[in-house]
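upload.cif, holding mmCIF, C-alpha atoms:
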data_start
loop_
_atom_site.label_atom_id
_atom_site.label_comp_id
_atom_site.auth_asym_id
_atom_site.auth_seq_id
_atom_site.Cartn_x
_atom_site.Cartn_y
_atom_site.Cartn_z
CA MET A 14 10.19 -13.67 -46.83
CA SER A 15 7.99 -11.78 -44.39
CA PRO A 16 9.41 -8.40 -43.33
CA ALA A 17 8.38 -9.16 -39.74
CA ILE A 18 11.12 -11.71 -39.20
CA GLU A 19 11.97 -11.87 -35.52
CA ARG A 20 15.49 -10.72 -34.78
CA ARG A 21 17.66 -13.22 -32.96
CA ARG A 22 18.66 -12.14 -29.50
CA SER A 23 22.32 -11.59 -28.80
CA PRO A 24 24.20 -13.46 -26.02
CA ALA A 25 24.27 -10.23 -24.00
CA GLU A 26 20.47 -9.98 -24.13
CA TRP A 27 20.10 -13.62 -23.06
CA ALA A 28 22.50 -12.93 -20.19
CA GLN A 29 20.35 -9.98 -19.11
CA PHE A 30 17.24 -12.15 -19.20
CA GLY A 31 19.01 -14.80 -17.15
CA ILE A 32 20.16 -12.32 -14.51
CA GLY A 33 16.67 -10.81 -14.37
CA ALA A 34 15.07 -14.22 -13.94
CA LEU A 35 17.53 -15.08 -11.18
CA LEU A 36 16.76 -11.85 -9.32
CA VAL A 37 13.02 -12.48 -9.64
CA ALA A 38 13.47 -15.99 -8.26
CA VAL A 39 15.53 -14.75 -5.30
CA VAL A 40 13.04 -12.00 -4.45
CA SER A 41 9.99 -14.24 -4.90
CA TYR A 42 11.28 -17.29 -3.03
CA PRO A 43 10.46 -16.10 0.54
CA ALA A 44 6.81 -15.60 -0.41
CA ILE A 45 6.71 -18.98 -2.18
CA TRP A 46 8.35 -20.66 0.82
CA MET A 47 5.77 -19.06 3.13
CA VAL A 48 2.87 -20.38 1.05
CA LEU A 49 4.35 -23.88 0.84
CA SER A 50 5.00 -23.93 4.60
CA ALA A 51 1.34 -23.09 5.19
CA PHE A 52 0.44 -26.54 3.83
CA LYS A 53 2.85 -28.45 6.11
CA SER A 54 2.78 -29.71 9.68
CA ASN A 55 5.10 -28.22 12.29
CA ARG A 56 7.36 -31.30 12.17
CA GLU A 57 7.59 -31.14 8.38
CA ILE A 58 8.46 -27.42 8.46
CA PHE A 59 11.56 -28.12 10.56
CA ARG A 60 12.59 -31.45 9.03
CA THR A 61 12.20 -30.56 5.33
CA PRO A 62 11.87 -26.77 5.20
CA PHE A 63 12.73 -26.50 1.49
CA ALA A 64 10.78 -29.47 0.15
CA LEU A 65 7.25 -29.62 -1.17
CA PRO A 66 4.59 -30.71 1.35
CA ALA A 67 4.25 -34.47 1.61
CA VAL A 68 0.54 -33.95 2.31
CA TRP A 69 -1.19 -30.71 1.34
CA ARG A 70 -2.94 -29.71 4.58
CA TRP A 71 -5.74 -27.37 3.47
CA GLU A 72 -7.24 -27.61 6.94
CA ASN A 73 -4.46 -25.33 8.22
CA PHE A 74 -6.19 -22.36 6.62
CA ALA A 75 -9.58 -23.15 8.12
CA GLU A 76 -8.03 -23.62 11.56
CA ALA A 77 -6.00 -20.42 11.28
CA TRP A 78 -9.11 -18.50 10.24
CA GLN A 79 -11.04 -19.78 13.27
CA VAL A 80 -8.27 -19.63 15.89
CA GLY A 81 -7.11 -16.15 14.92
CA GLY A 82 -10.56 -14.70 14.31
CA LEU A 83 -9.34 -13.47 10.94
CA GLY A 84 -12.83 -12.64 9.70
CA GLY A 85 -13.25 -9.72 12.12
CA LEU A 86 -9.65 -8.63 11.60
CA TYR A 87 -10.19 -8.58 7.85
CA LEU A 88 -13.23 -6.33 8.21
CA ASN A 89 -11.33 -3.97 10.52
CA SER A 90 -8.36 -3.74 8.15
CA LEU A 91 -10.65 -3.28 5.15
CA PHE A 92 -12.55 -0.43 6.83
CA VAL A 93 -9.43 1.35 8.09
CA THR A 94 -7.61 0.97 4.77
CA THR A 95 -10.56 2.06 2.62
CA VAL A 96 -11.35 5.19 4.62
CA ALA A 97 -7.69 6.17 5.13
CA VAL A 98 -6.78 5.73 1.45
CA THR A 99 -9.88 7.66 0.35
CA LEU A 100 -9.04 10.56 2.68
CA CYS A 101 -5.37 10.56 1.73
CA VAL A 102 -5.72 10.40 -2.05
CA GLY A 103 -8.68 12.78 -2.12
CA CYS A 104 -6.98 15.45 0.01
CA ALA A 105 -3.61 14.93 -1.71
CA THR A 106 -5.11 15.34 -5.18
CA ALA A 107 -6.81 18.60 -4.17
CA ALA A 108 -3.61 19.86 -2.51
CA ALA A 109 -1.47 18.89 -5.49
CA PHE A 110 -3.85 20.72 -7.83
CA ALA A 111 -3.59 23.83 -5.65
CA PHE A 112 0.20 23.68 -5.46
CA SER A 113 0.52 23.13 -9.21
CA ARG A 114 -2.20 25.33 -10.69
CA LEU A 115 -3.16 28.04 -8.20
CA GLU A 116 -1.29 31.09 -7.02
CA PHE A 117 -1.69 32.01 -3.35
CA PRO A 118 0.53 33.55 -0.65
CA GLY A 119 2.97 31.12 0.97
CA ARG A 120 2.44 28.40 -1.63
CA ARG A 121 6.10 27.36 -1.86
CA VAL A 122 6.64 27.51 1.91
CA ALA A 123 3.54 25.42 2.59
CA TYR A 124 4.62 22.85 0.02
CA ARG A 125 8.11 22.52 1.50
CA VAL A 126 6.73 22.23 5.03
CA LEU A 127 4.40 19.47 3.84
CA LEU A 128 7.34 17.58 2.34
CA LEU A 129 9.03 17.48 5.75
CA GLY A 130 6.73 14.54 6.43
CA LEU A 131 8.93 12.47 4.12
CA LEU A 132 11.84 12.83 6.55
CA LEU A 133 10.12 11.74 9.78
CA PRO A 134 10.08 8.04 10.73
CA PRO A 135 6.94 6.92 12.60
CA PRO A 136 8.66 6.14 15.96
CA THR A 137 9.71 9.79 16.34
CA VAL A 138 6.08 10.97 16.56
CA ALA A 139 4.51 7.95 18.27
CA ILE A 140 4.43 9.47 21.78
CA PRO A 141 3.20 12.97 20.76
CA LEU A 142 0.60 11.37 18.50
CA PHE A 143 -0.54 9.06 21.31
CA THR A 144 -1.01 12.06 23.61
CA GLN A 145 -2.92 14.01 20.97
CA LEU A 146 -5.24 11.12 20.16
CA ARG A 147 -5.85 10.56 23.87
CA ASP A 148 -6.81 14.20 24.39
CA MET A 149 -9.16 14.00 21.39
CA GLY A 150 -10.79 10.84 22.72
CA LEU A 151 -9.87 8.82 19.65
CA LEU A 152 -7.71 6.13 21.23
CA ASN A 153 -8.99 2.59 20.80
CA THR A 154 -11.20 3.64 17.87
CA PRO A 155 -10.72 3.05 14.14
CA TRP A 156 -10.02 6.79 13.72
CA ALA A 157 -6.83 6.34 15.74
CA LEU A 158 -5.53 4.40 12.74
CA ILE A 159 -7.39 6.13 9.92
CA LEU A 160 -6.25 9.70 10.60
CA PRO A 161 -2.55 8.93 11.26
CA GLY A 162 -2.47 6.50 8.33
CA ALA A 163 -3.93 9.05 5.93
CA ALA A 164 -1.74 11.88 7.25
CA TRP A 165 1.43 9.79 7.13
CA SER A 166 0.92 8.97 3.46
CA LEU A 167 -0.07 12.52 2.53
CA SER A 168 3.41 13.96 1.88
CA LEU A 169 4.49 11.36 -0.67
CA THR A 170 1.09 11.34 -2.34
CA VAL A 171 1.06 15.14 -2.74
CA PHE A 172 4.62 15.08 -4.05
CA LEU A 173 3.86 12.52 -6.76
CA MET A 174 0.46 13.96 -7.66
CA ARG A 175 1.92 17.47 -8.03
CA ALA A 176 4.60 16.06 -10.34
CA TYR A 177 1.86 14.47 -12.45
CA PHE A 178 -0.12 17.72 -12.57
CA ASN A 179 3.01 19.56 -13.70
CA GLY A 180 3.39 17.11 -16.56
CA VAL A 181 -0.17 17.67 -17.83
CA ARG A 182 -0.79 20.61 -20.14
CA PRO A 183 -3.41 23.00 -18.68
CA ASP A 184 -5.06 23.70 -22.05
CA MET A 185 -8.36 22.01 -21.17
CA GLU A 186 -8.45 23.73 -17.79
CA GLU A 187 -7.92 27.12 -19.39
CA ALA A 188 -10.65 26.39 -21.93
CA ALA A 189 -13.04 25.46 -19.12
CA ARG A 190 -12.22 28.69 -17.28
CA ILE A 191 -12.94 30.71 -20.43
CA ASP A 192 -16.32 28.94 -20.65
CA GLY A 193 -17.14 30.20 -17.15
CA ALA A 194 -16.21 27.24 -14.94
CA ASN A 195 -15.06 28.03 -11.43
CA THR A 196 -12.00 26.52 -9.71
CA TRP A 197 -13.94 23.66 -8.11
CA GLN A 198 -15.60 22.71 -11.39
CA ILE A 199 -12.25 22.78 -13.19
CA PHE A 200 -10.71 20.55 -10.53
CA TRP A 201 -13.54 18.02 -10.33
CA ARG A 202 -14.67 17.82 -13.95
CA VAL A 203 -11.44 18.49 -15.84
CA ALA A 204 -8.36 17.90 -13.69
CA VAL A 205 -9.40 14.75 -11.80
CA PRO A 206 -10.25 12.72 -14.95
CA MET A 207 -6.90 13.70 -16.47
CA VAL A 208 -4.85 12.57 -13.45
CA TRP A 209 -6.85 9.42 -12.73
CA PRO A 210 -3.91 7.10 -13.67
CA ALA A 211 -1.74 8.76 -11.02
CA MET A 212 -4.58 8.57 -8.49
CA LEU A 213 -4.96 4.85 -9.15
CA THR A 214 -1.22 4.41 -8.62
CA MET A 215 -1.35 6.17 -5.27
CA ILE A 216 -4.45 4.23 -4.24
CA ILE A 217 -2.58 0.96 -4.80
CA LEU A 218 0.63 2.03 -3.06
CA ASN A 219 -1.16 3.58 -0.08
CA THR A 220 -3.41 0.53 0.25
CA ILE A 221 -0.34 -1.69 0.58
CA ASN A 222 1.30 0.61 3.15
CA ILE A 223 -1.77 1.18 5.33
CA TRP A 224 -2.88 -2.46 5.14
CA ASN A 225 0.50 -3.58 6.53
CA GLU A 226 0.85 -0.83 9.19
CA LEU A 227 1.81 -2.31 12.57
CA LEU A 228 3.33 0.25 14.94
CA PHE A 229 0.34 2.56 15.32
CA ALA A 230 -2.05 -0.40 15.47
CA LEU A 231 -0.08 -1.83 18.39
CA LEU A 232 0.03 1.48 20.28
CA PHE A 233 -3.38 2.98 19.68
CA ILE A 234 -5.73 -0.04 19.73
CA VAL A 235 -6.31 -2.10 22.89
CA ASP A 236 -9.49 -4.11 22.33
CA GLU A 237 -9.00 -7.38 20.48
CA ASP A 238 -12.14 -6.93 18.38
CA LYS A 239 -10.89 -3.58 17.03
CA ARG A 240 -7.43 -4.66 15.94
CA THR A 241 -6.26 -5.08 12.37
CA LEU A 242 -4.66 -8.05 10.63
CA PRO A 243 -0.95 -7.30 11.29
CA VAL A 244 -1.59 -7.04 15.04
CA GLY A 245 -3.97 -10.00 15.05
CA LEU A 246 -1.19 -12.28 13.83
CA VAL A 247 0.39 -11.97 17.28
CA ARG A 248 -2.34 -14.30 18.54
CA PHE A 249 -0.57 -17.22 16.90
CA TYR A 250 2.61 -16.80 18.97
CA GLY A 251 2.50 -18.50 22.37
CA TYR A 252 4.68 -17.78 25.39
CA HIS A 253 6.22 -21.26 25.43
CA SER A 254 5.47 -22.60 21.97
CA THR A 255 4.29 -21.46 18.54
CA ASP A 256 2.21 -23.30 15.98
CA TYR A 257 4.23 -22.35 12.91
CA ALA A 258 1.90 -24.13 10.51
CA LEU A 259 -0.94 -21.85 11.59
CA VAL A 260 1.38 -18.83 11.55
CA PHE A 261 2.31 -19.42 7.91
CA ALA A 262 -1.31 -20.13 7.01
CA ALA A 263 -2.42 -16.86 8.62
CA LEU A 264 0.40 -14.96 6.92
CA THR A 265 -0.63 -16.42 3.58
CA ILE A 266 -4.27 -15.42 4.12
CA THR A 267 -3.13 -11.92 5.08
CA THR A 268 -0.55 -11.19 2.40
CA VAL A 269 -1.63 -13.08 -0.72
CA PRO A 270 -4.71 -10.91 -1.47
CA ILE A 271 -2.71 -7.68 -1.32
CA LEU A 272 0.06 -9.24 -3.44
CA LEU A 273 -2.49 -10.32 -6.03
CA LEU A 274 -3.93 -6.81 -6.08
CA TYR A 275 -0.48 -5.39 -6.80
CA PHE A 276 0.38 -7.94 -9.50
CA ILE A 277 -2.95 -7.43 -11.26
CA LEU A 278 -2.57 -3.64 -11.28
CA GLN A 279 1.21 -3.38 -11.52
CA ARG A 280 1.06 -1.94 -15.06
CA HIS A 281 -0.97 0.99 -13.76
CA VAL A 282 1.49 1.50 -10.90
CA ILE A 283 4.50 1.51 -13.23
CA ALA A 284 2.74 3.78 -15.73
CA GLY A 285 1.75 6.25 -13.03
CA LEU A 286 5.19 6.37 -11.44
CA THR A 287 6.84 6.74 -14.85
CA ALA A 288 4.58 9.66 -15.69
CA THR A 289 5.38 11.45 -12.43
CA ALA A 290 9.10 10.90 -12.99
CA MET A 291 8.93 12.79 -16.28
CA ASP A 292 8.45 16.11 -14.49
#
Would you mind writing the file's structure down as structure tokens?
Amino acid sequence: MSPAIERRRSPAEWAQFGIGALLVAVVSYPAIWMVLSAFKSNREIFRTPFALPAVWRWENFAEAWQVGGLGGLYLNSLFVTTVAVTLCVGCATAAAFAFSRLEFPGRRVAYRVLLLGLLLPPPTVAIPLFTQLRDMGLLNTPWALILPGAAWSLSLTVFLMRAYFNGVRPDMEEAARIDGANTWQIFWRVAVPMVWPAMLTMIILNTINIWNELLFALLFIVDEDKRTLPVGLVRFYGYHSTDYALVFAALTITTVPILLLYFILQRHVIAGLTATAMD
């Protein structure tokens, strides 16, 4: 007999698999229901909300794209998210390297002050931030979303990146310093390639958070052509009536790409978070 005979699973293991599958089904069902509702008519959504569509109405997506002007909203969200995530992860990686590897006065105090950002909910700073952006002349511009979005994600990103740096042995960095490399060269050529898995993790998580940001986009952007996708979905809600078929189609167009991005790269996210948790 082959030594690689598969071991039979015990009833307890099958029970664990069953409970896990049930939890996955419960968590996934709202997203599945949203996608199925996007193919229905308004009457069908209310009459048979949990059934499959009698007729798959692909035209709902084309109509939602045209009525909501989702093309421009997509470009706005893509620009804001790309620039904000680049700023956040780039600055956070440099800061985490400094907090983990360099010695300078006030390092611990600065790090603890930075972590205070984890304790502040966005509504508490909305009014002061609005006033500051107004005085800087940044209201109703993409930078009114880029700068707050990057800054709001900075604390968590620095925290996790510093934990990853602490878990990486500095042998290669010390060897580079002996060879005459300066601090910037050590950071860019040695440290960044070593922590790239953690950077990819933070890129994915911050992309999801900034892409779905709503409060600041509602407060700081007035012009319709400058708004992002979460705010643009308000266009589908009327004062007296709402076309729910188009609402679900627009929600599907908005959320499915970011969900696919997460599912495709989820192994990298889990690996990066596991590595930071080892510190």
On this file, the PyMOL selection byres ((chain A and resi 193-203) around 12) gives some set of residues; write that set as JSON, numbers by chain. {"A": [103, 106, 107, 108, 109, 110, 111, 113, 114, 115, 116, 178, 181, 182, 183, 184, 185, 186, 187, 188, 189, 190, 191, 192, 204, 205, 206, 207, 208, 209]}
Taking C-alpha atoms for each residue, export the selection above as a CSV table (one decimal), in the coordinates of the input.
chain,number,residue,atom,x,y,z
A,103,GLY,CA,-8.7,12.8,-2.1
A,106,THR,CA,-5.1,15.3,-5.2
A,107,ALA,CA,-6.8,18.6,-4.2
A,108,ALA,CA,-3.6,19.9,-2.5
A,109,ALA,CA,-1.5,18.9,-5.5
A,110,PHE,CA,-3.8,20.7,-7.8
A,111,ALA,CA,-3.6,23.8,-5.6
A,113,SER,CA,0.5,23.1,-9.2
A,114,ARG,CA,-2.2,25.3,-10.7
A,115,LEU,CA,-3.2,28.0,-8.2
A,116,GLU,CA,-1.3,31.1,-7.0
A,178,PHE,CA,-0.1,17.7,-12.6
A,181,VAL,CA,-0.2,17.7,-17.8
A,182,ARG,CA,-0.8,20.6,-20.1
A,183,PRO,CA,-3.4,23.0,-18.7
A,184,ASP,CA,-5.1,23.7,-22.0
A,185,MET,CA,-8.4,22.0,-21.2
A,186,GLU,CA,-8.4,23.7,-17.8
A,187,GLU,CA,-7.9,27.1,-19.4
A,188,ALA,CA,-10.6,26.4,-21.9
A,189,ALA,CA,-13.0,25.5,-19.1
A,190,ARG,CA,-12.2,28.7,-17.3
A,191,ILE,CA,-12.9,30.7,-20.4
A,192,ASP,CA,-16.3,28.9,-20.6
A,204,ALA,CA,-8.4,17.9,-13.7
A,205,VAL,CA,-9.4,14.8,-11.8
A,206,PRO,CA,-10.2,12.7,-15.0
A,207,MET,CA,-6.9,13.7,-16.5
A,208,VAL,CA,-4.8,12.6,-13.4
A,209,TRP,CA,-6.8,9.4,-12.7
Around all listed atoms of stretch 37-48 of chain A, padded 6 Å per side, what centre and edge lengths does the axis-aligned box have in Å to one decimal, as lines of an AutoDock Vina configuration file?
center_x = 9.2
center_y = -16.3
center_z = -3.3
size_x = 24.7
size_y = 20.7
size_z = 24.8
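Using all atoms listed in the file, the smallest distance between any of A:Ser50, A:Thr137, A:Asn225, A:Thr220 and A:Pro243 comes from A:Asn225.
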Residue members of the PyMOL selection byres ((chain A and resi 215) around 10) in the file shown, as a PyMOL selection string: chain A and resi 98+101-102+105-106+166+169-171+173-174+209-214+216-221+281-282+285-286
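For the residues A:Asn179, A:Thr265, A:Gln29, A:Thr154, ranking by smallest atom-to-atom distance to A:Phe92 using only C-alpha atoms places A:Thr154 first.
For the residues A:Trp69, A:Tyr177, A:Phe276, A:Phe30, ranking by smallest atom-to-atom distance to A:Phe112 using all atoms listed in the file places A:Tyr177 first.
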Atom completion result for stretch 217-247 of chain A (N, CA and C atoms) as a tab-separated table (two decimals), in the frame of the given file:
chain	number	residue	atom	x	y	z
A	217	ILE	N	-3.18	2.28	-4.97
A	217	ILE	CA	-2.58	0.96	-4.80
A	217	ILE	C	-1.43	1.00	-3.80
A	218	LEU	N	-0.53	1.96	-3.95
A	218	LEU	CA	0.63	2.03	-3.06
A	218	LEU	C	0.22	2.33	-1.63
A	219	ASN	N	-0.72	3.25	-1.43
A	219	ASN	CA	-1.16	3.58	-0.08
A	219	ASN	C	-1.96	2.44	0.54
A	220	THR	N	-2.69	1.70	-0.28
A	220	THR	CA	-3.41	0.53	0.25
A	220	THR	C	-2.43	-0.49	0.82
A	221	ILE	N	-1.35	-0.74	0.10
A	221	ILE	CA	-0.34	-1.69	0.58
A	221	ILE	C	0.28	-1.20	1.88
A	222	ASN	N	0.64	0.07	1.96
A	222	ASN	CA	1.30	0.61	3.15
A	222	ASN	C	0.37	0.62	4.36
A	223	ILE	N	-0.85	1.08	4.19
A	223	ILE	CA	-1.77	1.18	5.33
A	223	ILE	C	-2.26	-0.20	5.75
A	224	TRP	N	-2.45	-1.10	4.81
A	224	TRP	CA	-2.88	-2.46	5.14
A	224	TRP	C	-1.85	-3.15	6.02
A	225	ASN	N	-0.57	-2.90	5.79
A	225	ASN	CA	0.50	-3.58	6.53
A	225	ASN	C	0.99	-2.79	7.74
A	226	GLU	N	0.37	-1.66	8.08
A	226	GLU	CA	0.85	-0.83	9.19
A	226	GLU	C	0.71	-1.58	10.51
A	227	LEU	N	1.78	-1.54	11.32
A	227	LEU	CA	1.81	-2.31	12.57
A	227	LEU	C	2.02	-1.45	13.80
A	228	LEU	N	2.95	-0.49	13.74
A	228	LEU	CA	3.33	0.25	14.94
A	228	LEU	C	2.16	1.00	15.57
A	229	PHE	N	1.46	1.80	14.78
A	229	PHE	CA	0.34	2.56	15.32
A	229	PHE	C	-0.79	1.64	15.78
A	230	ALA	N	-1.00	0.54	15.06
A	230	ALA	CA	-2.05	-0.40	15.47
A	230	ALA	C	-1.73	-1.05	16.81
A	231	LEU	N	-0.47	-1.29	17.08
A	231	LEU	CA	-0.08	-1.83	18.39
A	231	LEU	C	-0.25	-0.82	19.51
A	232	LEU	N	0.03	0.45	19.24
A	232	LEU	CA	0.03	1.48	20.28
A	232	LEU	C	-1.34	2.05	20.56
A	233	PHE	N	-2.16	2.20	19.53
A	233	PHE	CA	-3.38	2.98	19.68
A	233	PHE	C	-4.64	2.14	19.83
A	234	ILE	N	-4.55	0.82	19.63
A	234	ILE	CA	-5.73	-0.04	19.73
A	234	ILE	C	-5.49	-1.07	20.83
A	235	VAL	N	-6.44	-1.18	21.76
A	235	VAL	CA	-6.31	-2.10	22.89
A	235	VAL	C	-7.25	-3.29	22.76
A	236	ASP	N	-8.50	-3.05	22.42
A	236	ASP	CA	-9.49	-4.11	22.33
A	236	ASP	C	-9.16	-5.07	21.19
A	237	GLU	N	-9.30	-6.35	21.48
A	237	GLU	CA	-9.00	-7.38	20.48
A	237	GLU	C	-9.91	-7.28	19.27
A	238	ASP	N	-11.19	-6.94	19.49
A	238	ASP	CA	-12.14	-6.93	18.38
A	238	ASP	C	-11.99	-5.70	17.48
A	239	LYS	N	-11.10	-4.78	17.84
A	239	LYS	CA	-10.89	-3.58	17.03
A	239	LYS	C	-9.55	-3.59	16.32
A	240	ARG	N	-8.76	-4.63	16.51
A	240	ARG	CA	-7.43	-4.66	15.94
A	240	ARG	C	-7.47	-5.06	14.47
A	241	THR	N	-6.37	-4.77	13.79
A	241	THR	CA	-6.26	-5.08	12.37
A	241	THR	C	-5.43	-6.35	12.17
A	242	LEU	N	-5.31	-6.77	10.92
A	242	LEU	CA	-4.66	-8.05	10.63
A	242	LEU	C	-3.21	-8.14	11.10
A	243	PRO	N	-2.35	-7.15	10.85
A	243	PRO	CA	-0.95	-7.30	11.29
A	243	PRO	C	-0.82	-7.53	12.79
A	244	VAL	N	-1.65	-6.85	13.59
A	244	VAL	CA	-1.59	-7.04	15.04
A	244	VAL	C	-2.23	-8.37	15.43
A	245	GLY	N	-3.28	-8.75	14.72
A	245	GLY	CA	-3.97	-10.00	15.05
A	245	GLY	C	-3.10	-11.23	14.87
A	246	LEU	N	-2.07	-11.13	14.03
A	246	LEU	CA	-1.19	-12.28	13.83
A	246	LEU	C	-0.41	-12.63	15.09
A	247	VAL	N	-0.32	-11.69	16.02
A	247	VAL	CA	0.39	-11.97	17.28
A	247	VAL	C	-0.31	-13.07	18.06
